[in-house]
Amino acid sequence: MSSPIRKTTKGKSRNYLSTDEGAGMTKAGRDKYNAATGSNLKAPQPQGGPRKKSFCARMSGMPGPMKDENGKPTRKAASLKRWNCGSK
């Protein structure tokens, strides 16, 4: 199944943040995705709440490394950091 939006991280019309910026979708990307699929994606909730707890539990259990072969954080690590999943 292909994504309803392009996975672009560069340029004016990008839909995703780069790994350095914390990974995840931009507001424009969420809006495009919601329009294309009828979904209701929301912005990250790093300050706390039930969505944060659910995201952190789900994403922390995902397989895959936290750093790539060059020692840079993966998109998984960047998104966990953006949501403040390592801190209480």
# chains A, B, ... in the order shown; residues from 1 in each chain; ligands from 1
$ residues_around --residues "region 63-73 of chain A" --least-positions-apart "3" --cutoff "12 Å" --atoms "only C-alpha atoms" --output "list in words"
Ser18, Thr19, Asp20, Glu21, Gly22, Ala23, Arg58, Met59, Ser60, Lys76, Ala77, Ala78, Ser79, Leu80 and Lys81 of chain A
$ write_last_selection --atoms "C-alpha atoms" --output "short mmCIF file (atom, residue, chain, number, x, y, z; two decimals), in the first residue's frame"
data_model
loop_
_atom_site.label_atom_id
_atom_site.label_comp_id
_atom_site.auth_asym_id
_atom_site.auth_seq_id
_atom_site.Cartn_x
_atom_site.Cartn_y
_atom_site.Cartn_z
CA SER A 18 14.03 15.80 8.79
CA THR A 19 15.59 13.57 11.42
CA ASP A 20 17.54 16.55 12.76
CA GLU A 21 14.27 18.42 13.31
CA GLY A 22 12.67 15.53 15.18
CA ALA A 23 11.11 13.46 12.38
CA ARG A 58 3.79 1.94 21.13
CA MET A 59 6.88 3.53 19.52
CA SER A 60 9.34 2.37 22.20
CA LYS A 76 12.51 6.31 15.54
CA ALA A 77 14.97 7.91 17.99
CA ALA A 78 14.19 11.42 16.72
CA SER A 79 10.43 11.00 17.13
CA LEU A 80 10.80 9.57 20.65
CA LYS A 81 12.99 12.55 21.56
#
$ residues_around --residues "Lys53 (chain A)" --least-positions-apart "6" --cutoff "10 Å" --atoms "only C-alpha atoms" --output "list in words"
Gln45, Pro46, Trp83 and Cys85 of chain A
$ select_by_dssp --residues "region 6-84 of chain A" --states "alpha helix (DSSP H)" --output "MDAnalysis selection string"
chainID A and resid 27:37 50:60 75:82
$ write_last_selection --atoms "N, CA and C atoms" --output "compact mmCIF listing (two decimals), in the first residue's frame"
# COMPACT_ATOMS: atom_id res chain seq x y z
N LYS A 27 2.79 20.34 9.69
CA LYS A 27 1.37 20.67 9.73
C LYS A 27 0.76 20.52 8.35
N ALA A 28 1.47 21.00 7.33
CA ALA A 28 0.98 20.89 5.96
C ALA A 28 0.84 19.42 5.56
N GLY A 29 1.81 18.59 5.98
CA GLY A 29 1.75 17.16 5.68
C GLY A 29 0.55 16.49 6.34
N ARG A 30 0.30 16.84 7.61
CA ARG A 30 -0.88 16.28 8.30
C ARG A 30 -2.16 16.72 7.61
N ASP A 31 -2.23 17.99 7.21
CA ASP A 31 -3.43 18.49 6.53
C ASP A 31 -3.66 17.77 5.21
N LYS A 32 -2.59 17.56 4.42
CA LYS A 32 -2.71 16.84 3.15
C LYS A 32 -3.16 15.40 3.38
N TYR A 33 -2.55 14.74 4.36
CA TYR A 33 -2.87 13.35 4.65
C TYR A 33 -4.33 13.23 5.10
N ASN A 34 -4.76 14.13 5.98
CA ASN A 34 -6.15 14.10 6.46
C ASN A 34 -7.13 14.32 5.31
N ALA A 35 -6.82 15.23 4.39
CA ALA A 35 -7.69 15.50 3.26
C ALA A 35 -7.75 14.30 2.31
N ALA A 36 -6.61 13.64 2.11
CA ALA A 36 -6.54 12.52 1.18
C ALA A 36 -7.19 11.25 1.72
N THR A 37 -7.15 11.05 3.04
CA THR A 37 -7.62 9.79 3.59
C THR A 37 -8.84 9.90 4.50
N PRO A 50 -2.83 11.54 27.49
CA PRO A 50 -3.02 10.14 27.09
C PRO A 50 -2.40 9.80 25.74
N ARG A 51 -2.38 10.75 24.79
CA ARG A 51 -1.78 10.47 23.48
C ARG A 51 -0.27 10.28 23.61
N LYS A 52 0.37 11.05 24.50
CA LYS A 52 1.81 10.90 24.70
C LYS A 52 2.11 9.52 25.28
N LYS A 53 1.39 9.14 26.31
CA LYS A 53 1.62 7.86 26.96
C LYS A 53 1.44 6.71 25.96
N SER A 54 0.41 6.79 25.15
CA SER A 54 0.13 5.76 24.16
C SER A 54 1.23 5.72 23.09
N PHE A 55 1.61 6.89 22.57
CA PHE A 55 2.64 6.96 21.54
C PHE A 55 3.96 6.40 22.06
N CYS A 56 4.37 6.83 23.23
CA CYS A 56 5.65 6.40 23.78
C CYS A 56 5.68 4.88 24.00
N ALA A 57 4.62 4.33 24.52
CA ALA A 57 4.56 2.88 24.73
C ALA A 57 4.61 2.13 23.41
N ARG A 58 3.86 2.61 22.43
CA ARG A 58 3.79 1.94 21.13
C ARG A 58 5.12 2.07 20.38
N MET A 59 5.67 3.28 20.32
CA MET A 59 6.88 3.53 19.52
C MET A 59 8.12 2.94 20.18
N SER A 60 8.18 2.93 21.51
CA SER A 60 9.34 2.37 22.20
C SER A 60 9.48 0.88 21.93
N ARG A 75 15.01 7.82 12.59
CA ARG A 75 13.73 8.53 12.69
C ARG A 75 12.98 8.09 13.95
N LYS A 76 13.14 6.82 14.31
CA LYS A 76 12.51 6.31 15.54
C LYS A 76 13.04 7.08 16.75
N ALA A 77 14.36 7.21 16.86
CA ALA A 77 14.97 7.91 17.99
C ALA A 77 14.56 9.38 18.00
N ALA A 78 14.54 10.00 16.81
CA ALA A 78 14.19 11.42 16.72
C ALA A 78 12.75 11.67 17.15
N SER A 79 11.83 10.79 16.75
CA SER A 79 10.43 11.00 17.13
C SER A 79 10.22 10.77 18.62
N LEU A 80 10.90 9.79 19.20
CA LEU A 80 10.80 9.57 20.65
C LEU A 80 11.35 10.77 21.41
N LYS A 81 12.42 11.36 20.91
CA LYS A 81 12.99 12.55 21.56
C LYS A 81 12.03 13.74 21.43
N ARG A 82 11.42 13.89 20.25
CA ARG A 82 10.50 15.01 20.02
C ARG A 82 9.29 14.93 20.95
$ atom_distance --atom1 "CA of Ser13 (chain A)" --atom2 "CA of Met25 (chain A)"
11.9 Å
$ atom_distance --atom1 "CA of Leu41 (chain A)" --atom2 "CA of Gly86 (chain A)"
22.9 Å
$ decode --residues "region 23-49 of chain A" --atoms "C-alpha atoms" --output "PDB file, in the first residue's frame"
ATOM      1  CA  ALA A  23      11.110  13.455  12.376  1.00  0.00           C
ATOM      2  CA  GLY A  24       7.311  13.285  12.084  1.00  0.00           C
ATOM      3  CA  MET A  25       4.959  15.160   9.789  1.00  0.00           C
ATOM      4  CA  THR A  26       4.695  18.888   9.233  1.00  0.00           C
ATOM      5  CA  LYS A  27       1.368  20.668   9.731  1.00  0.00           C
ATOM      6  CA  ALA A  28       0.983  20.889   5.955  1.00  0.00           C
ATOM      7  CA  GLY A  29       1.747  17.162   5.679  1.00  0.00           C
ATOM      8  CA  ARG A  30      -0.880  16.280   8.304  1.00  0.00           C
ATOM      9  CA  ASP A  31      -3.426  18.494   6.527  1.00  0.00           C
ATOM     10  CA  LYS A  32      -2.710  16.836   3.148  1.00  0.00           C
ATOM     11  CA  TYR A  33      -2.872  13.354   4.654  1.00  0.00           C
ATOM     12  CA  ASN A  34      -6.148  14.102   6.455  1.00  0.00           C
ATOM     13  CA  ALA A  35      -7.694  15.501   3.257  1.00  0.00           C
ATOM     14  CA  ALA A  36      -6.541  12.520   1.176  1.00  0.00           C
ATOM     15  CA  THR A  37      -7.616   9.786   3.592  1.00  0.00           C
ATOM     16  CA  GLY A  38     -10.327  11.282   5.805  1.00  0.00           C
ATOM     17  CA  SER A  39      -8.105  10.718   8.855  1.00  0.00           C
ATOM     18  CA  ASN A  40      -7.734  13.021  11.835  1.00  0.00           C
ATOM     19  CA  LEU A  41      -3.981  13.137  12.526  1.00  0.00           C
ATOM     20  CA  LYS A  42      -2.994  15.584  15.239  1.00  0.00           C
ATOM     21  CA  ALA A  43       0.244  17.359  16.176  1.00  0.00           C
ATOM     22  CA  PRO A  44       2.628  15.751  18.700  1.00  0.00           C
ATOM     23  CA  GLN A  45       1.678  16.086  22.361  1.00  0.00           C
ATOM     24  CA  PRO A  46       5.086  16.190  24.114  1.00  0.00           C
ATOM     25  CA  GLN A  47       3.788  18.070  27.173  1.00  0.00           C
ATOM     26  CA  GLY A  48       1.844  15.026  28.376  1.00  0.00           C
ATOM     27  CA  GLY A  49      -1.553  13.438  28.248  1.00  0.00           C
TER      28      GLY A  49
END
